[in-house]
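**Student:** Provided below: run_5.pdb, containing PDB, C-alpha atoms.
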ATOM      1  CA  MET A   1     -15.940  20.197   6.764
ATOM      2  CA  GLU A   2     -13.569  19.180   9.526
ATOM      3  CA  HIS A   3     -10.094  18.097   8.434
ATOM      4  CA  ARG A   4      -9.624  14.443   9.298
ATOM      5  CA  LYS A   5      -6.244  12.880   9.855
ATOM      6  CA  PRO A   6      -5.758  10.102   7.286
ATOM      7  CA  THR A   7      -5.551   6.574   8.549
ATOM      8  CA  SER A   8      -2.409   5.301   6.946
ATOM      9  CA  ALA A   9       0.524   3.024   7.630
ATOM     10  CA  PRO A  10       4.138   4.039   6.968
ATOM     11  CA  GLU A  11       3.237   4.905   3.373
ATOM     12  CA  SER A  12       2.090   8.365   4.485
ATOM     13  CA  ALA A  13       2.043  11.681   2.686
ATOM     14  CA  GLY A  14       5.205  12.825   4.447
ATOM     15  CA  LEU A  15       7.266   9.839   3.331
ATOM     16  CA  ILE A  16       5.955  10.108  -0.211
ATOM     17  CA  ALA A  17       6.692  13.865  -0.275
ATOM     18  CA  ALA A  18      10.243  13.153   0.904
ATOM     19  CA  GLU A  19      10.842  11.457  -2.447
ATOM     20  CA  ALA A  20      10.270  14.755  -4.281
ATOM     21  CA  GLY A  21      12.662  14.986  -7.196
ATOM     22  CA  LYS A  22      13.562  11.300  -7.225
ATOM     23  CA  LYS A  23      10.532   9.914  -9.052
ATOM     24  CA  ASN A  24       7.276  11.334 -10.358
ATOM     25  CA  ARG A  25       4.565  10.714  -7.780
ATOM     26  CA  VAL A  26       1.298   9.692  -9.434
ATOM     27  CA  VAL A  27      -1.983   9.118  -7.593
ATOM     28  CA  ILE A  28      -4.237   6.424  -9.021
ATOM     29  CA  LEU A  29      -7.744   6.823  -7.679
ATOM     30  CA  LEU A  30      -9.448   3.481  -7.030
ATOM     31  CA  ASP A  31     -12.793   2.669  -5.417
ATOM     32  CA  GLY A  32     -12.870  -1.122  -5.334
ATOM     33  CA  SER A  33     -14.568  -1.423  -8.719
ATOM     34  CA  ALA A  34     -13.187  -3.071 -11.842
ATOM     35  CA  PHE A  35     -14.240   0.074 -13.699
ATOM     36  CA  ARG A  36     -11.751   2.334 -11.889
ATOM     37  CA  LYS A  37      -8.947  -0.176 -12.547
ATOM     38  CA  ARG A  38      -9.338   0.488 -16.275
ATOM     39  CA  ILE A  39      -6.878   3.358 -15.852
ATOM     40  CA  LEU A  40      -4.041   0.906 -15.106
ATOM     41  CA  PRO A  41      -3.187  -0.122 -18.724
ATOM     42  CA  PRO A  42      -2.884   3.517 -19.918
ATOM     43  CA  VAL A  43      -0.764   4.351 -16.854
ATOM     44  CA  GLN A  44       1.545   1.447 -17.676
ATOM     45  CA  GLN A  45       1.601   2.469 -21.329
ATOM     46  CA  PHE A  46       2.606   6.095 -20.713
ATOM     47  CA  LEU A  47       4.562   6.083 -17.423
ATOM     48  CA  ARG A  48       7.860   4.255 -17.086
ATOM     49  CA  PRO A  49       8.392   2.233 -13.873
ATOM     50  CA  GLU A  50      11.898   3.582 -13.295
ATOM     51  CA  ASP A  51      10.577   7.183 -13.267
ATOM     52  CA  THR A  52       7.298   6.682 -11.418
ATOM     53  CA  HIS A  53       6.080   6.123  -7.867
ATOM     54  CA  LEU A  54       2.403   5.106  -8.015
ATOM     55  CA  ILE A  55       0.166   5.792  -5.033
ATOM     56  CA  LEU A  56      -3.076   3.818  -4.989
ATOM     57  CA  VAL A  57      -5.621   6.005  -3.208
ATOM     58  CA  ARG A  58      -8.941   4.888  -1.802
ATOM     59  CA  VAL A  59     -11.322   7.372  -0.160
ATOM     60  CA  ALA A  60     -14.262   6.086   1.878
ATOM     61  CA  ASP A  61     -17.039   7.650   3.897
ATOM     62  CA  PRO A  62     -16.081   7.959   7.553
ATOM     63  CA  PRO A  63     -17.742   5.299   9.717
ATOM     64  CA  GLN A  64     -20.162   6.767  12.217
ATOM     65  CA  SER A  65     -22.114   5.487  15.160
ATOM     66  CA  ILE A  66     -25.513   6.932  15.985
ATOM     67  CA  TYR A  67     -26.552   7.218  19.609
ATOM     68  CA  TYR A  68     -30.006   7.935  20.996
ATOM     69  CA  VAL A  69     -29.872  10.919  23.338
ATOM     70  CA  GLU A  70     -33.371  12.035  24.221
ATOM     71  CA  GLY A  71     -36.750  12.287  22.505
ATOM     72  CA  PRO A  72     -36.228  12.678  18.750
ATOM     73  CA  ILE A  73     -32.564  13.615  19.211
ATOM     74  CA  PHE A  74     -29.809  11.378  17.892
ATOM     75  CA  VAL A  75     -26.109  12.150  17.888
ATOM     76  CA  SER A  76     -23.749  10.921  15.222
ATOM     77  CA  VAL A  77     -20.086  10.582  16.161
ATOM     78  CA  ASP A  78     -17.032   9.408  14.306
ATOM     79  CA  ASP A  79     -16.229   5.792  15.067
ATOM     80  CA  VAL A  80     -12.422   5.821  15.268
ATOM     81  CA  ALA A  81     -12.100   2.107  16.127
ATOM     82  CA  SER A  82     -14.144   1.132  13.094
ATOM     83  CA  GLU A  83     -12.156   3.569  10.957
ATOM     84  CA  ALA A  84      -8.898   1.762  11.770
ATOM     85  CA  GLU A  85     -10.500  -1.595  10.992
ATOM     86  CA  ILE A  86     -11.993  -0.364   7.712
ATOM     87  CA  SER A  87      -8.709   1.292   6.746
ATOM     88  CA  THR A  88      -6.887  -2.015   7.175
ATOM     89  CA  GLN A  89      -9.529  -3.796   5.102
ATOM     90  CA  LEU A  90      -9.367  -1.199   2.292
ATOM     91  CA  ARG A  91      -5.557  -1.352   2.231
ATOM     92  CA  GLU A  92      -5.792  -5.136   1.883
ATOM     93  CA  GLU A  93      -8.212  -4.718  -1.032
ATOM     94  CA  LEU A  94      -5.486  -2.711  -2.785
ATOM     95  CA  ALA A  95      -2.831  -5.394  -2.148
ATOM     96  CA  ASP A  96      -3.364  -7.381  -5.376
ATOM     97  CA  THR A  97      -3.198  -4.252  -7.540
ATOM     98  CA  LYS A  98      -0.092  -3.116  -5.647
ATOM     99  CA  ALA A  99       1.588  -6.498  -6.164
ATOM    100  CA  MET A 100       0.753  -6.526  -9.891
ATOM    101  CA  LEU A 101       2.226  -3.051 -10.404
ATOM    102  CA  GLU A 102       5.325  -3.892  -8.343
ATOM    103  CA  GLU A 103       5.829  -6.969 -10.481
ATOM    104  CA  ALA A 104       5.806  -4.633 -13.502
ATOM    105  CA  GLY A 105       8.654  -2.680 -11.857
ATOM    106  CA  TYR A 106       6.819   0.249 -10.244
ATOM    107  CA  THR A 107       7.340   1.616  -6.758
ATOM    108  CA  VAL A 108       3.834   1.470  -5.249
ATOM    109  CA  SER A 109       2.254   2.814  -2.056
ATOM    110  CA  ARG A 110      -1.289   2.667  -0.712
ATOM    111  CA  GLU A 111      -3.182   5.515   0.908
ATOM    112  CA  VAL A 112      -6.606   5.254   2.552
ATOM    113  CA  ARG A 113      -8.516   8.372   3.511
ATOM    114  CA  PHE A 114     -11.946   9.083   4.938
ATOM    115  CA  GLY A 115     -14.159  11.980   3.916
ATOM    116  CA  SER A 116     -15.178  13.709   0.700
ATOM    117  CA  ALA A 117     -13.222  12.095  -2.156
ATOM    118  CA  PRO A 118     -12.494  15.303  -4.118
ATOM    119  CA  LEU A 119     -11.396  17.208  -1.003
ATOM    120  CA  GLU A 120      -9.327  14.379   0.482
ATOM    121  CA  ILE A 121      -7.532  13.757  -2.827
ATOM    122  CA  GLU A 122      -6.880  17.483  -3.234
ATOM    123  CA  ARG A 123      -5.483  17.594   0.328
ATOM    124  CA  PHE A 124      -3.295  14.521  -0.280
ATOM    125  CA  ILE A 125      -1.954  16.046  -3.526
ATOM    126  CA  LYS A 126      -0.650  19.005  -1.520
ATOM    127  CA  GLU A 127       0.623  17.007   1.472
ATOM    128  CA  ALA A 128       2.501  14.402  -0.587
ATOM    129  CA  LYS A 129       3.636  16.796  -3.344
ATOM    130  CA  ILE A 130       1.951  14.687  -5.993
ATOM    131  CA  ASP A 131       2.913  15.328  -9.634
ATOM    132  CA  MET A 132      -0.096  13.840 -11.420
ATOM    133  CA  VAL A 133      -3.450  12.093 -10.879
ATOM    134  CA  ALA A 134      -4.656   9.219 -13.065
ATOM    135  CA  MET A 135      -8.249   8.019 -12.914
ATOM    136  CA  ALA A 136     -11.116   6.516 -14.843
ATOM    137  CA  THR A 137     -14.221   8.674 -14.767
ATOM    138  CA  TYR A 138     -17.813   7.547 -14.734
ATOM    139  CA  ALA A 139     -18.614  10.647 -16.848
ATOM    140  CA  ARG A 140     -21.835  11.337 -15.007
ATOM    141  CA  THR A 141     -24.209  13.892 -16.430
ATOM    142  CA  GLY A 142     -27.485  15.490 -15.428
ATOM    143  CA  LEU A 143     -29.110  14.440 -12.160
ATOM    144  CA  SER A 144     -26.479  11.782 -11.461
ATOM    145  CA  LYS A 145     -23.710  14.407 -11.679
ATOM    146  CA  LEU A 146     -25.718  16.759  -9.480
ATOM    147  CA  LEU A 147     -26.230  14.081  -6.802
ATOM    148  CA  TYR A 148     -22.792  12.464  -6.848
ATOM    149  CA  GLY A 149     -20.588  15.216  -8.255
ATOM    150  CA  SER A 150     -17.549  14.662 -10.401
ATOM    151  CA  ILE A 151     -14.193  13.957  -8.799
ATOM    152  CA  ALA A 152     -12.410  14.383 -12.140
ATOM    153  CA  GLU A 153     -14.019  17.759 -12.769
ATOM    154  CA  HIS A 154     -13.201  18.952  -9.247
ATOM    155  CA  LEU A 155      -9.556  17.942  -9.596
ATOM    156  CA  MET A 156      -9.195  19.497 -13.035
ATOM    157  CA  ARG A 157     -10.532  22.789 -11.624
ATOM    158  CA  HIS A 158      -8.709  22.826  -8.278
ATOM    159  CA  ALA A 159      -5.515  20.765  -8.528
ATOM    160  CA  ALA A 160      -2.522  22.549 -10.002
ATOM    161  CA  ILE A 161      -1.177  19.328 -11.535
ATOM    162  CA  PRO A 162      -2.021  17.254 -14.628
ATOM    163  CA  VAL A 163      -4.985  14.871 -14.371
ATOM    164  CA  MET A 164      -5.011  11.844 -16.692
ATOM    165  CA  VAL A 165      -8.661  10.925 -17.191
ATOM    166  CA  LEU A 166      -9.942   7.825 -18.941
ATOM    167  CA  HIS A 167     -13.466   8.362 -20.214
ATOM    168  CA  PRO A 168     -15.644   5.198 -20.306
ATOM    169  CA  ALA A 169     -16.223   5.443 -24.059
ATOM    170  CA  GLU A 170     -12.466   5.529 -24.695
ATOM    171  CA  HIS A 171     -11.938   1.992 -23.417
ATOM    172  CA  GLU A 172     -15.167   0.164 -24.335
TER     173      GLU A 172
END
Mind turning this structure into structure tokens?
**Tutor:**
Amino acid sequence: MEHRKPTSAPESAGLIAAEAGKKNRVVILLDGSAFRKRILPPVQQFLRPEDTHLILVRVADPPQSIYYVEGPIFVSVDDVASEAEISTQLREELADTKAMLEEAGYTVSREVRFGSAPLEIERFIKEAKIDMVAMATYARTGLSKLLYGSIAEHLMRHAAIPVMVLHPAEHE
């Protein structure tokens, strides 16, 4: 899979990494659902605002345009203009959560990436020198897990940092 440059404003991996040693950098994986936001109360319970920089991360599929070439041949290309537009929209969707956490005293950044969620999060962890990931998991099993995979499982196997996982049954 081709490495894609993240679409991000000044709250980029480099700036976050520059804070190494000042505060613990914690990624909170969100996807726009209320379900994923269930990780926020445990994060607030266990991580003190004065010691923690929270990074709200949203990973989306890259927008693509399909063009007819000839006969049964179609070409799919990345749509960079749409990516910038979608990135802005996704960052805005994170604004309320960011404001709520800032009101609670946390330093908060937003990061939007395009591509495979497990791979993009793993890449961001390395680039931004992240200390921990916090996420709610859908706890998929069977065919659902086979089709959609498990971000939590991937990160627990491949990331060399702690992963705080909230299982759905733990917060019902």
**Student:** Can you give me, as a ChimeraX atom specification, the residues this file yields under the PyMOL selection byres ((chain A and resi 123) around 12)?
**Tutor:** /A:3-6,13,59,113-122,124-130,155,158-160
**Student:** Translate the PyMOL selection byres ((chain A and resi 136) around 12) into a concrete residue list for this structure, as a PyMOL selection string.
**Tutor:** chain A and resi 27-31+33-43+133-135+137-140+150-153+163-171
**Student:** Output the selection as a tab-separated table (two decimals), in the frame of the given file - C-alpha atoms for each residue.
**Tutor:**
chain	number	residue	atom	x	y	z
A	27	VAL	CA	-1.98	9.12	-7.59
A	28	ILE	CA	-4.24	6.42	-9.02
A	29	LEU	CA	-7.74	6.82	-7.68
A	30	LEU	CA	-9.45	3.48	-7.03
A	31	ASP	CA	-12.79	2.67	-5.42
A	33	SER	CA	-14.57	-1.42	-8.72
A	34	ALA	CA	-13.19	-3.07	-11.84
A	35	PHE	CA	-14.24	0.07	-13.70
A	36	ARG	CA	-11.75	2.33	-11.89
A	37	LYS	CA	-8.95	-0.18	-12.55
A	38	ARG	CA	-9.34	0.49	-16.27
A	39	ILE	CA	-6.88	3.36	-15.85
A	40	LEU	CA	-4.04	0.91	-15.11
A	41	PRO	CA	-3.19	-0.12	-18.72
A	42	PRO	CA	-2.88	3.52	-19.92
A	43	VAL	CA	-0.76	4.35	-16.85
A	133	VAL	CA	-3.45	12.09	-10.88
A	134	ALA	CA	-4.66	9.22	-13.06
A	135	MET	CA	-8.25	8.02	-12.91
A	137	THR	CA	-14.22	8.67	-14.77
A	138	TYR	CA	-17.81	7.55	-14.73
A	139	ALA	CA	-18.61	10.65	-16.85
A	140	ARG	CA	-21.84	11.34	-15.01
A	150	SER	CA	-17.55	14.66	-10.40
A	151	ILE	CA	-14.19	13.96	-8.80
A	152	ALA	CA	-12.41	14.38	-12.14
A	153	GLU	CA	-14.02	17.76	-12.77
A	163	VAL	CA	-4.99	14.87	-14.37
A	164	MET	CA	-5.01	11.84	-16.69
A	165	VAL	CA	-8.66	10.92	-17.19
A	166	LEU	CA	-9.94	7.82	-18.94
A	167	HIS	CA	-13.47	8.36	-20.21
A	168	PRO	CA	-15.64	5.20	-20.31
A	169	ALA	CA	-16.22	5.44	-24.06
A	170	GLU	CA	-12.47	5.53	-24.70
A	171	HIS	CA	-11.94	1.99	-23.42
**Student:** Please produce, as CSV, a per-residue contact table for region 10-69 of chain A versus region 83-87 of chain A (criterion: any atom at most 9 Å away, all atoms listed in the file considered), showing the nearest atom pair and its distance in Å to one decimal, sorted by chain then residue number.
**Tutor:**
residue,atom,partner,partner_atom,distance
A:Ala60,CA,A:Ser87,CA,8.8
A:Pro62,CA,A:Glu83,CA,6.8
A:Pro63,CA,A:Glu83,CA,6.0
A:Gln64,CA,A:Glu83,CA,8.7
**Student:** Translate the PyMOL selection byres ((chain A and resi 53) around 8), as applied to the file shown, into an explicit residue set as an MDAnalysis selection string.
**Tutor:** chainID A and resid 23:26 49 51:52 54:55 106:109
**Student:** Please measure the separation of CA of Leu90 (chain A) and CA of Asp61 (chain A), giving the value in Å to one decimal.
**Tutor:**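 Atom-to-atom, CA of Leu90 (chain A) to CA of Asp61 (chain A), that is 11.8 Å.
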**Student:** Considering all atoms listed in the file, can you say which of A:Arg91, A:Pro162, A:Arg157, A:Glu50 comes closest to Lys22 (chain A)?
**Tutor:**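 Closest residue, counting all atoms listed in the file: A:Glu50.
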